[in-house]
Structure formats: structure tokens, C-alpha cells
$ cat final_35.cif   # mmCIF, C-alpha atoms
data_coords
#
loop_
_atom_site.label_atom_id
_atom_site.label_comp_id
_atom_site.auth_asym_id
_atom_site.auth_seq_id
_atom_site.Cartn_x
_atom_site.Cartn_y
_atom_site.Cartn_z
CA MET A 1475 15.13 -14.12 8.05
CA GLY A 1476 16.42 -16.92 5.80
CA ALA A 1477 13.78 -19.38 7.02
CA ARG A 1478 11.01 -16.80 6.54
CA LEU A 1479 12.14 -16.04 3.02
CA LEU A 1480 12.38 -19.71 2.06
CA SER A 1481 8.95 -20.47 3.50
CA LEU A 1482 7.52 -17.44 1.67
CA ILE A 1483 9.06 -18.57 -1.63
CA TRP A 1484 7.69 -22.08 -1.18
CA PHE A 1485 4.21 -20.81 -0.35
CA VAL A 1486 4.10 -18.36 -3.27
CA ALA A 1487 5.53 -20.96 -5.65
CA THR A 1488 3.00 -23.59 -4.61
CA LEU A 1489 0.01 -21.25 -4.68
CA SER A 1490 1.03 -19.82 -8.05
CA PHE A 1491 1.47 -23.29 -9.52
CA VAL A 1492 -1.97 -24.39 -8.32
CA LEU A 1493 -3.62 -21.27 -9.73
CA VAL A 1494 -1.87 -21.74 -13.08
CA MET A 1495 -2.97 -25.37 -13.22
CA LEU A 1496 -6.57 -24.29 -12.61
CA SER A 1497 -6.43 -21.75 -15.43
CA PRO A 1498 -8.85 -22.51 -18.33
CA VAL A 1499 -6.28 -21.34 -20.89
CA ASP A 1500 -4.78 -24.15 -22.97
CA PRO A 1501 -0.97 -23.66 -22.90
CA VAL A 1502 -0.53 -25.29 -26.32
CA ASN A 1503 -3.13 -23.07 -27.97
CA ALA A 1504 -1.64 -20.00 -26.30
CA TYR A 1505 1.85 -21.03 -27.42
CA VAL A 1506 0.80 -21.59 -31.05
CA GLY A 1507 -1.26 -18.39 -31.20
CA ALA A 1508 -2.30 -17.30 -34.69
CA ASP A 1509 -0.95 -20.48 -36.29
CA LEU A 1510 -3.43 -22.68 -34.43
CA ALA A 1511 -5.34 -23.70 -37.59
CA ARG A 1512 -2.14 -24.87 -39.31
CA VAL A 1513 -0.89 -27.01 -36.42
CA GLY A 1514 -1.82 -30.67 -36.62
CA PRO A 1515 -2.29 -33.20 -33.82
CA GLU A 1516 1.27 -34.53 -34.13
CA GLN A 1517 2.76 -31.06 -33.83
CA ARG A 1518 0.56 -30.32 -30.83
CA GLU A 1519 1.78 -33.50 -29.21
CA ARG A 1520 5.40 -32.54 -29.81
CA ILE A 1521 4.84 -29.09 -28.34
CA ALA A 1522 3.18 -30.57 -25.27
CA ALA A 1523 6.02 -33.07 -24.86
CA ARG A 1524 8.62 -30.33 -25.32
CA TRP A 1525 7.23 -28.38 -22.36
CA GLY A 1526 6.21 -31.40 -20.29
CA LEU A 1527 2.51 -30.59 -20.50
CA ASN A 1528 1.44 -34.22 -20.79
CA ASP A 1529 2.76 -35.18 -17.37
CA PRO A 1530 0.47 -35.27 -14.31
CA PRO A 1531 0.30 -31.94 -12.43
CA LEU A 1532 1.94 -33.40 -9.31
CA THR A 1533 4.89 -34.66 -11.35
CA ARG A 1534 5.27 -31.30 -13.05
CA TYR A 1535 5.08 -29.52 -9.70
CA PHE A 1536 7.87 -31.50 -8.02
CA ARG A 1537 10.04 -31.36 -11.14
CA TRP A 1538 9.62 -27.61 -11.38
CA LEU A 1539 10.14 -27.12 -7.61
CA GLY A 1540 13.33 -29.14 -7.79
CA ARG A 1541 14.68 -26.88 -10.54
CA VAL A 1542 13.72 -23.78 -8.56
CA ALA A 1543 15.61 -25.14 -5.53
CA ARG A 1544 18.71 -25.36 -7.76
CA GLY A 1545 18.19 -21.78 -8.95
CA ASP A 1546 16.77 -22.74 -12.35
CA LEU A 1547 13.46 -21.01 -13.10
CA GLY A 1548 13.05 -22.79 -16.43
CA THR A 1549 12.71 -21.49 -19.98
CA SER A 1550 10.14 -18.97 -21.12
CA MET A 1551 7.69 -20.30 -23.71
CA ILE A 1552 7.22 -16.84 -25.23
CA TYR A 1553 10.81 -15.67 -25.45
CA ASN A 1554 12.46 -19.13 -25.65
CA ARG A 1555 15.08 -17.90 -23.20
CA PRO A 1556 15.87 -18.68 -19.56
CA VAL A 1557 13.30 -17.08 -17.28
CA ALA A 1558 16.04 -15.60 -15.10
CA ASP A 1559 17.49 -13.78 -18.14
CA VAL A 1560 14.07 -12.38 -19.12
CA ILE A 1561 13.39 -11.19 -15.57
CA GLY A 1562 16.85 -9.64 -15.25
CA GLU A 1563 16.50 -7.78 -18.55
CA ARG A 1564 12.95 -6.56 -17.93
CA PHE A 1565 13.52 -5.66 -14.29
CA GLY A 1566 16.18 -3.12 -15.27
CA ALA A 1567 13.56 -1.05 -17.07
CA SER A 1568 11.01 -1.57 -14.29
CA LEU A 1569 13.57 -0.56 -11.66
CA ALA A 1570 14.12 2.78 -13.39
CA LEU A 1571 10.37 3.37 -13.43
CA MET A 1572 9.63 2.20 -9.89
CA GLY A 1573 12.74 3.82 -8.41
CA SER A 1574 11.95 7.21 -9.93
CA ALA A 1575 8.30 7.01 -8.87
CA TRP A 1576 9.29 5.86 -5.38
CA ILE A 1577 11.62 8.84 -4.86
CA VAL A 1578 9.16 11.39 -6.25
CA THR A 1579 6.31 9.90 -4.21
CA GLY A 1580 8.32 9.93 -1.00
CA ILE A 1581 9.51 13.52 -1.30
CA LEU A 1582 6.23 14.95 -2.57
CA GLY A 1583 3.99 12.95 -0.22
CA PHE A 1584 5.99 13.89 2.86
CA ALA A 1585 6.15 17.56 1.84
CA LEU A 1586 2.41 17.74 1.20
CA GLY A 1587 1.62 15.99 4.48
CA VAL A 1588 3.79 18.40 6.46
CA THR A 1589 2.29 21.38 4.64
CA ALA A 1590 -1.25 20.23 5.37
CA ALA A 1591 -0.51 19.66 9.07
CA ALA A 1592 1.19 23.03 9.45
CA SER A 1593 -2.09 24.79 8.60
CA PRO A 1594 -4.73 22.42 10.01
CA TRP A 1595 -8.35 22.85 8.93
CA LYS A 1596 -7.56 25.78 6.65
CA TRP A 1597 -8.18 25.93 2.91
CA LEU A 1598 -4.81 24.44 1.96
CA ASP A 1599 -5.28 21.56 4.37
CA HIS A 1600 -8.79 20.90 3.01
CA LEU A 1601 -7.49 21.01 -0.56
CA LEU A 1602 -4.67 18.56 0.09
CA ARG A 1603 -6.89 16.19 2.03
CA TRP A 1604 -9.56 16.11 -0.67
CA TYR A 1605 -6.85 15.65 -3.29
CA SER A 1606 -5.58 12.63 -1.37
CA TYR A 1607 -9.02 11.15 -0.74
CA ILE A 1608 -10.00 11.39 -4.40
CA LEU A 1609 -6.75 10.09 -5.87
CA SER A 1610 -6.43 7.21 -3.42
CA SER A 1611 -9.61 5.73 -4.95
CA LEU A 1612 -8.63 6.14 -8.61
CA PRO A 1613 -7.29 3.13 -10.55
CA THR A 1614 -3.79 3.38 -11.99
CA PHE A 1615 -4.80 2.52 -15.55
CA TRP A 1616 -7.44 5.29 -15.56
CA MET A 1617 -4.94 7.92 -14.45
CA GLY A 1618 -2.41 6.65 -16.98
CA MET A 1619 -4.89 6.91 -19.85
CA LEU A 1620 -5.94 10.39 -18.69
CA LEU A 1621 -2.34 11.66 -18.65
CA LEU A 1622 -1.71 9.95 -21.97
CA LEU A 1623 -4.72 11.67 -23.51
CA ILE A 1624 -3.76 15.11 -22.17
CA PHE A 1625 0.00 15.22 -22.66
CA ALA A 1626 0.57 12.82 -25.57
CA VAL A 1627 -2.58 13.29 -27.66
CA TRP A 1628 -3.87 16.80 -26.98
CA LEU A 1629 -0.75 18.76 -26.04
CA ARG A 1630 1.74 16.46 -27.84
CA VAL A 1631 4.51 17.29 -25.39
CA SER A 1632 5.25 13.72 -24.33
CA PRO A 1633 5.81 10.37 -26.08
CA ALA A 1634 2.83 8.03 -26.11
CA CYS A 1635 4.65 4.77 -25.41
CA CYS A 1636 7.80 2.74 -24.97
CA ALA A 1637 11.00 3.37 -23.03
CA THR A 1638 12.95 4.70 -26.01
CA PRO A 1639 12.02 6.33 -29.34
CA PRO A 1640 10.71 3.61 -31.71
CA GLY A 1641 13.07 2.80 -34.56
CA VAL A 1642 16.09 4.49 -32.97
CA PRO A 1643 19.08 2.21 -32.21
CA LEU A 1644 19.86 1.94 -28.51
CA ALA A 1645 23.35 3.33 -29.11
CA GLN A 1646 21.80 6.58 -30.33
CA VAL A 1647 19.27 6.96 -27.53
CA THR A 1648 20.20 9.82 -25.21
CA LEU A 1649 19.48 10.26 -21.53
CA ALA A 1650 17.02 13.03 -22.40
CA ASP A 1651 15.11 10.60 -24.63
CA ARG A 1652 14.85 8.05 -21.83
CA LEU A 1653 13.67 10.67 -19.35
CA ARG A 1654 10.99 11.94 -21.74
CA HIS A 1655 9.62 8.42 -22.17
CA LEU A 1656 9.81 7.84 -18.43
CA ALA A 1657 7.99 11.03 -17.45
CA LEU A 1658 4.35 9.99 -17.94
CA PRO A 1659 4.61 6.51 -16.34
CA VAL A 1660 6.42 8.03 -13.36
CA ALA A 1661 3.84 10.81 -13.10
CA THR A 1662 1.04 8.22 -13.15
CA LEU A 1663 2.51 6.30 -10.22
CA ALA A 1664 3.57 9.41 -8.30
CA VAL A 1665 0.28 11.32 -8.61
CA LEU A 1666 -1.60 8.36 -7.14
CA GLY A 1667 1.09 7.21 -4.74
CA VAL A 1668 1.39 10.45 -2.77
CA ALA A 1669 -2.17 10.18 -1.43
CA ASN A 1670 -1.62 7.64 1.35
CA LEU A 1671 1.72 9.10 2.36
CA THR A 1672 0.27 12.62 2.51
CA LEU A 1673 -2.60 11.58 4.79
CA HIS A 1674 -0.35 9.45 6.98
CA THR A 1675 2.29 12.18 7.36
CA ARG A 1676 -0.37 14.79 8.07
CA GLN A 1677 -1.82 12.76 10.92
CA LYS A 1678 1.58 11.99 12.46
CA MET A 1679 2.60 15.63 12.23
CA LEU A 1680 -0.66 16.72 13.89
CA ASP A 1681 0.09 14.30 16.73
CA VAL A 1682 3.53 15.89 17.14
CA LEU A 1683 2.16 19.44 17.02
CA ASP A 1684 -0.37 18.53 19.71
CA SER A 1685 2.29 17.12 22.04
CA GLU A 1686 3.38 18.81 25.26
CA TYR A 1687 6.84 19.79 24.05
CA ALA A 1688 5.35 21.39 20.91
CA ARG A 1689 2.89 23.41 22.99
CA PHE A 1690 5.75 24.43 25.28
CA ALA A 1691 7.79 25.60 22.28
CA ARG A 1692 4.88 27.72 21.03
CA ALA A 1693 4.46 29.17 24.52
CA ARG A 1694 8.08 30.31 24.36
CA GLY A 1695 7.27 32.27 21.20
CA GLU A 1696 8.30 29.83 18.49
CA SER A 1697 6.23 30.02 15.31
CA GLN A 1698 4.16 27.16 13.89
CA TRP A 1699 6.68 26.48 11.13
CA GLY A 1700 9.49 26.72 13.65
CA VAL A 1701 7.88 23.95 15.70
CA VAL A 1702 7.42 21.92 12.55
CA TRP A 1703 11.04 22.38 11.50
CA HIS A 1704 12.72 21.84 14.88
CA HIS A 1705 10.43 19.26 16.46
CA GLY A 1706 8.07 17.76 13.91
CA LEU A 1707 10.08 16.70 10.89
CA ARG A 1708 12.15 13.97 12.50
CA ASN A 1709 9.26 12.48 14.46
CA ALA A 1710 6.99 12.46 11.42
CA ALA A 1711 9.74 11.21 9.11
CA ILE A 1712 10.21 7.88 10.90
CA PRO A 1713 6.70 6.49 10.23
CA ALA A 1714 6.72 8.07 6.75
CA VAL A 1715 9.93 6.25 5.82
CA THR A 1716 8.54 3.00 7.22
CA LEU A 1717 5.36 3.39 5.17
CA GLN A 1718 7.32 4.27 2.04
CA PHE A 1719 9.55 1.20 2.23
CA ALA A 1720 6.57 -1.00 3.02
CA SER A 1721 4.76 0.22 -0.11
CA PHE A 1722 6.83 -1.90 -2.51
CA SER A 1723 3.92 -4.26 -3.19
CA GLU A 1724 1.56 -1.40 -4.14
CA LEU A 1725 4.33 0.18 -6.21
CA PHE A 1726 4.96 -3.04 -8.12
CA GLY A 1727 1.25 -3.59 -8.72
CA GLY A 1728 0.82 -0.04 -9.98
CA ALA A 1729 3.89 -0.38 -12.22
CA VAL A 1730 2.34 -3.44 -13.90
CA LEU A 1731 -0.72 -1.40 -14.91
CA ALA A 1732 1.30 1.67 -15.87
CA GLU A 1733 3.63 -0.40 -18.06
CA THR A 1734 0.63 -1.93 -19.79
CA VAL A 1735 -0.96 1.46 -20.53
CA PHE A 1736 2.25 3.01 -21.86
CA ALA A 1737 3.60 -0.16 -23.56
CA TYR A 1738 6.65 0.19 -21.34
CA PRO A 1739 8.99 -2.83 -21.77
CA GLY A 1740 9.31 -3.72 -18.10
CA LEU A 1741 8.61 -6.70 -15.92
CA GLY A 1742 4.93 -5.80 -15.65
CA GLY A 1743 4.44 -6.06 -19.40
CA ALA A 1744 6.16 -9.44 -19.39
CA ALA A 1745 3.86 -10.62 -16.57
CA VAL A 1746 0.75 -9.59 -18.53
CA GLN A 1747 1.99 -11.37 -21.66
CA ALA A 1748 2.89 -14.45 -19.65
CA GLY A 1749 -0.62 -14.54 -18.21
CA LEU A 1750 -2.41 -13.99 -21.52
CA ARG A 1751 -0.30 -16.57 -23.38
CA SER A 1752 -0.07 -19.03 -20.49
CA ASP A 1753 3.73 -18.92 -20.28
CA VAL A 1754 3.81 -20.98 -17.10
CA PRO A 1755 7.57 -20.87 -16.37
CA LEU A 1756 7.78 -17.09 -16.84
CA LEU A 1757 4.59 -16.43 -14.88
CA LEU A 1758 5.77 -18.53 -11.94
CA GLY A 1759 9.23 -17.01 -12.06
CA ILE A 1760 7.81 -13.48 -11.93
CA ALA A 1761 5.54 -14.47 -9.02
CA ILE A 1762 8.55 -15.73 -7.03
CA PHE A 1763 10.62 -12.68 -7.92
CA THR A 1764 7.79 -10.36 -6.87
CA ALA A 1765 7.48 -12.10 -3.50
CA VAL A 1766 11.21 -11.69 -2.88
CA PHE A 1767 11.06 -8.05 -3.98
CA VAL A 1768 8.25 -7.24 -1.55
CA PHE A 1769 9.92 -9.19 1.25
CA VAL A 1770 13.14 -7.20 0.80
CA GLY A 1771 11.15 -3.96 0.87
CA ASN A 1772 9.52 -4.89 4.17
CA ARG A 1773 12.85 -5.88 5.69
CA LEU A 1774 14.39 -2.60 4.56
CA ALA A 1775 11.51 -0.78 6.24
CA ASP A 1776 12.35 -2.53 9.53
CA VAL A 1777 16.09 -1.82 9.23
CA VAL A 1778 15.68 1.85 8.29
CA SER A 1779 13.13 2.42 11.07
CA ARG A 1780 15.45 0.91 13.66
CA ARG A 1781 18.32 3.07 12.46
CA LEU A 1782 16.23 6.24 12.62
CA ASN A 1783 14.82 5.35 16.04
CA PRO A 1784 16.62 2.58 18.00
CA ARG A 1785 13.72 2.50 20.49
CA TRP A 1786 11.34 1.42 17.74
CA GLN A 1787 10.20 -2.16 18.20
CA VAL A 1788 8.11 -4.35 15.95
CA GLY A 1789 4.55 -4.55 17.17
CA GLU A 1790 4.60 -1.32 19.17
#
$ encode --input "final_35.cif" --output "C-alpha cells"
Amino acid sequence: MGARLLSLIWFVATLSFVLVMLSPVDPVNAYVGADLARVGPEQRERIAARWGLNDPPLTRYFRWLGRVARGDLGTSMIYNRPVADVIGERFGASLALMGSAWIVTGILGFALGVTAAASPWKWLDHLLRWYSYILSSLPTFWMGMLLLLIFAVWLRVSPACCATPPGVPLAQVTLADRLRHLALPVATLAVLGVANLTLHTRQKMLDVLDSEYARFARARGESQWGVVWHHGLRNAAIPAVTLQFASFSELFGGAVLAETVFAYPGLGGAAVQAGLRSDVPLLLGIAIFTAVFVFVGNRLADVVSRRLNPRWQVGE
């Protein structure tokens, strides 16, 4: 596991560095921003020297990789703070968003999949399947803007942005305030995220209900929901849990778009700003952190699946 993680980090770090070097955005211009017209050649040279932008790309790569090997991700050009501190601060907000959406998606997706399979090819099954097919093709930002328009603009029952009420000191922000600001971003990720899990759970449950022991149970007089409850839930839950833990990459990608739409101060918003303003250290640090985050999610999927079913083997 350690060797795989290290090789993954090296590959992601190298690929990210190459892509950043190929970017047409001038880091100095992005760093200066609106003050570009007032910055002379000498100041530009000092800025470039401060961030090591005048060195050859290969020199910059090995210097940066050496710092990463020591656990130093560098200093953010936007925030003028260590990249690790920015990621740690922003990831706390993103974790609340992704964790809430992950739980809601798992519970709702599994419940809808079981419900659809319990009444196959009836109106409820058709409704849930079409719901899943349609939503699985919708982009996250479109759903976020739609919910924002309905609940924040038309109905005015939800805040339009941010993680806390603007202008209110953090010491005065209540848990209810945080939950109200979290509701729409979580709903955006959950409404779209349940689609794949619903379809997957439905198919696995249908396979269970079509098995010999399920038909034998029905022959003994057990109802359809009785078969689902006593025989189907556990067998359908194992692949559903595996799929849910393996969805960390999709969850993180969706959170980036949701945070952008709702101006939510999480890691996704920092990644967008780092890309637009060519904050190379922060952008590379977030890329490495994302790779580790997804890797941990996949490993957790393997561990949980083995615990639920010791006979489960990778590749079967």
C-alpha cells in the first residue's frame, strides 16, 4: 500500500507540474492582477525571483519535488501562507459538505434502489429509473444554479451563498446558521449522486430476488418485502457500500463545482482560484491532496467490503 501511494503521489505531482508549466497563463501577471499597469519591469523581475519563476522548468521541478518529499508543499502565492495550512483550513469546510452529501446520498440511493427492485417494472420502478437516468446526465453546476434560483431567489427560504451569514462574527454563528448555508450545496450533490447508486442497488437487488433461495422463500409463503428484508438487504448492501466508498473522486469533483456556484469557502473554491490566478504551489498541493483523498477512499472500499463479506476478493 505504501509503495502504491508513493508512486501515485509521484505520478500525480509530475503530471500536474507538467500541465502547469504548459499553461498559457503568466504567473507574474496573475499574481499582480489589477495592479498590472502600475508594476514596472524591475518589480516584475523581483516577483519572478521571489517565486523562482526565472529558473529552468527542470530545476524548479526537482526543487519543488524535494520539498514535497520533506513534507513541504510550499507557500501559496494568493494567500501568502503555507499551502498545507490553506488546504487544512479549506478542507474542514469541504469535509462538512462532502461528508453530509456522502451520507445522504448513500442512505437515499440505497433506499430508492431497494424500493425500485421490490416492485419491478411497475410505475414506481419506472419513475425511479427515469429519475436516475435523467439526473445522472445533468451537470452539477446546472443543478446548483437551478436550486439556487428556486429556493434562494424565488422562495427565499435558503441563503444564496457562503458557509456562514456574511458580516456575522464566527463566534456568533450558530449550528442552525451553518446547516442552513449547507443545505443547498448538500442537496445539489445528493440529488445528482443518488442516481448511480439507485440503479446499481436496483440491479443487485433484482439479482438477489431472482436467486433460488429467494424463489424458495416466496414458495414458502413469504411476501416480496419479506424476501427483501430477510434475504436481499445484506447481499445488496455489500456492492452498494463498495460503490459508495469508491465514489470519492466523483464526490470531490462535484463539490468543486458546487462550492463555486454557492461561493462556499472550501477546497474546491481554492482550487478554482489557484487555477485562474496561476498559484502553482497551491494548485499542485491540492492535486496531490486530492490524489491521496481518492486513494484512501478506494482503500476504505476494499477494507469495508472484506469486513462485510470475507469471501470477497479483488477482481472477482
$ atom_distance --input "final_35.cif" --atom1 "CA of Ala1592 (chain A)" --atom2 "CA of Gln1698 (chain A)"
6.8 Å
$ residues_around --input "final_35.cif" --residues "region 1500-1504 of chain A" --least-positions-apart "4" --cutoff "7 Å" --atoms "only C-alpha atoms" --output "compact mmCIF listing (two decimals) with C-alpha atoms, in the frame of the given file"
# COMPACT_ATOMS: atom_id res chain seq x y z
CA LEU A 1510 -3.43 -22.68 -34.43
CA ARG A 1518 0.56 -30.32 -30.83
CA ILE A 1521 4.84 -29.09 -28.34
CA ALA A 1522 3.18 -30.57 -25.27
CA ARG A 1751 -0.30 -16.57 -23.38
CA SER A 1752 -0.07 -19.03 -20.49
$ resolve_selection --input "final_35.cif" --expression "the PyMOL selection byres ((chain A and resi 1765) around 9)" --output "count of residues only"
15
$ closest_residue --input "final_35.cif" --among "A:Pro1640, A:Pro1531, A:Gly1618, A:Gly1700" --to "Ala1661 (chain A)" --atoms "all atoms listed in the file"
A:Gly1618
$ axis_aligned_box --input "final_35.cif" --around "region 1582-1592 of chain A" --padding-each-side "4 Å" --output "JSON"
{"center_x": 2.5, "center_y": 18.0, "center_z": 3.4, "size_x": 15.5, "size_y": 18.1, "size_z": 20.0}
$ closest_residue --input "final_35.cif" --among "A:Trp1595, A:Trp1484, A:Tyr1535, A:Trp1525" --to "Leu1680 (chain A)" --atoms "all atoms listed in the file"
A:Trp1595
$ atom_distance --input "final_35.cif" --atom1 "CA of Thr1488 (chain A)" --atom2 "CA of Leu1741 (chain A)"
21.1 Å
$ resolve_selection --input "final_35.cif" --expression "the PyMOL selection byres ((chain A and resi 1743-1747) around 7)" --output "ChimeraX atom specification"
/A:1730,1733-1734,1738-1742,1748-1751,1757,1760
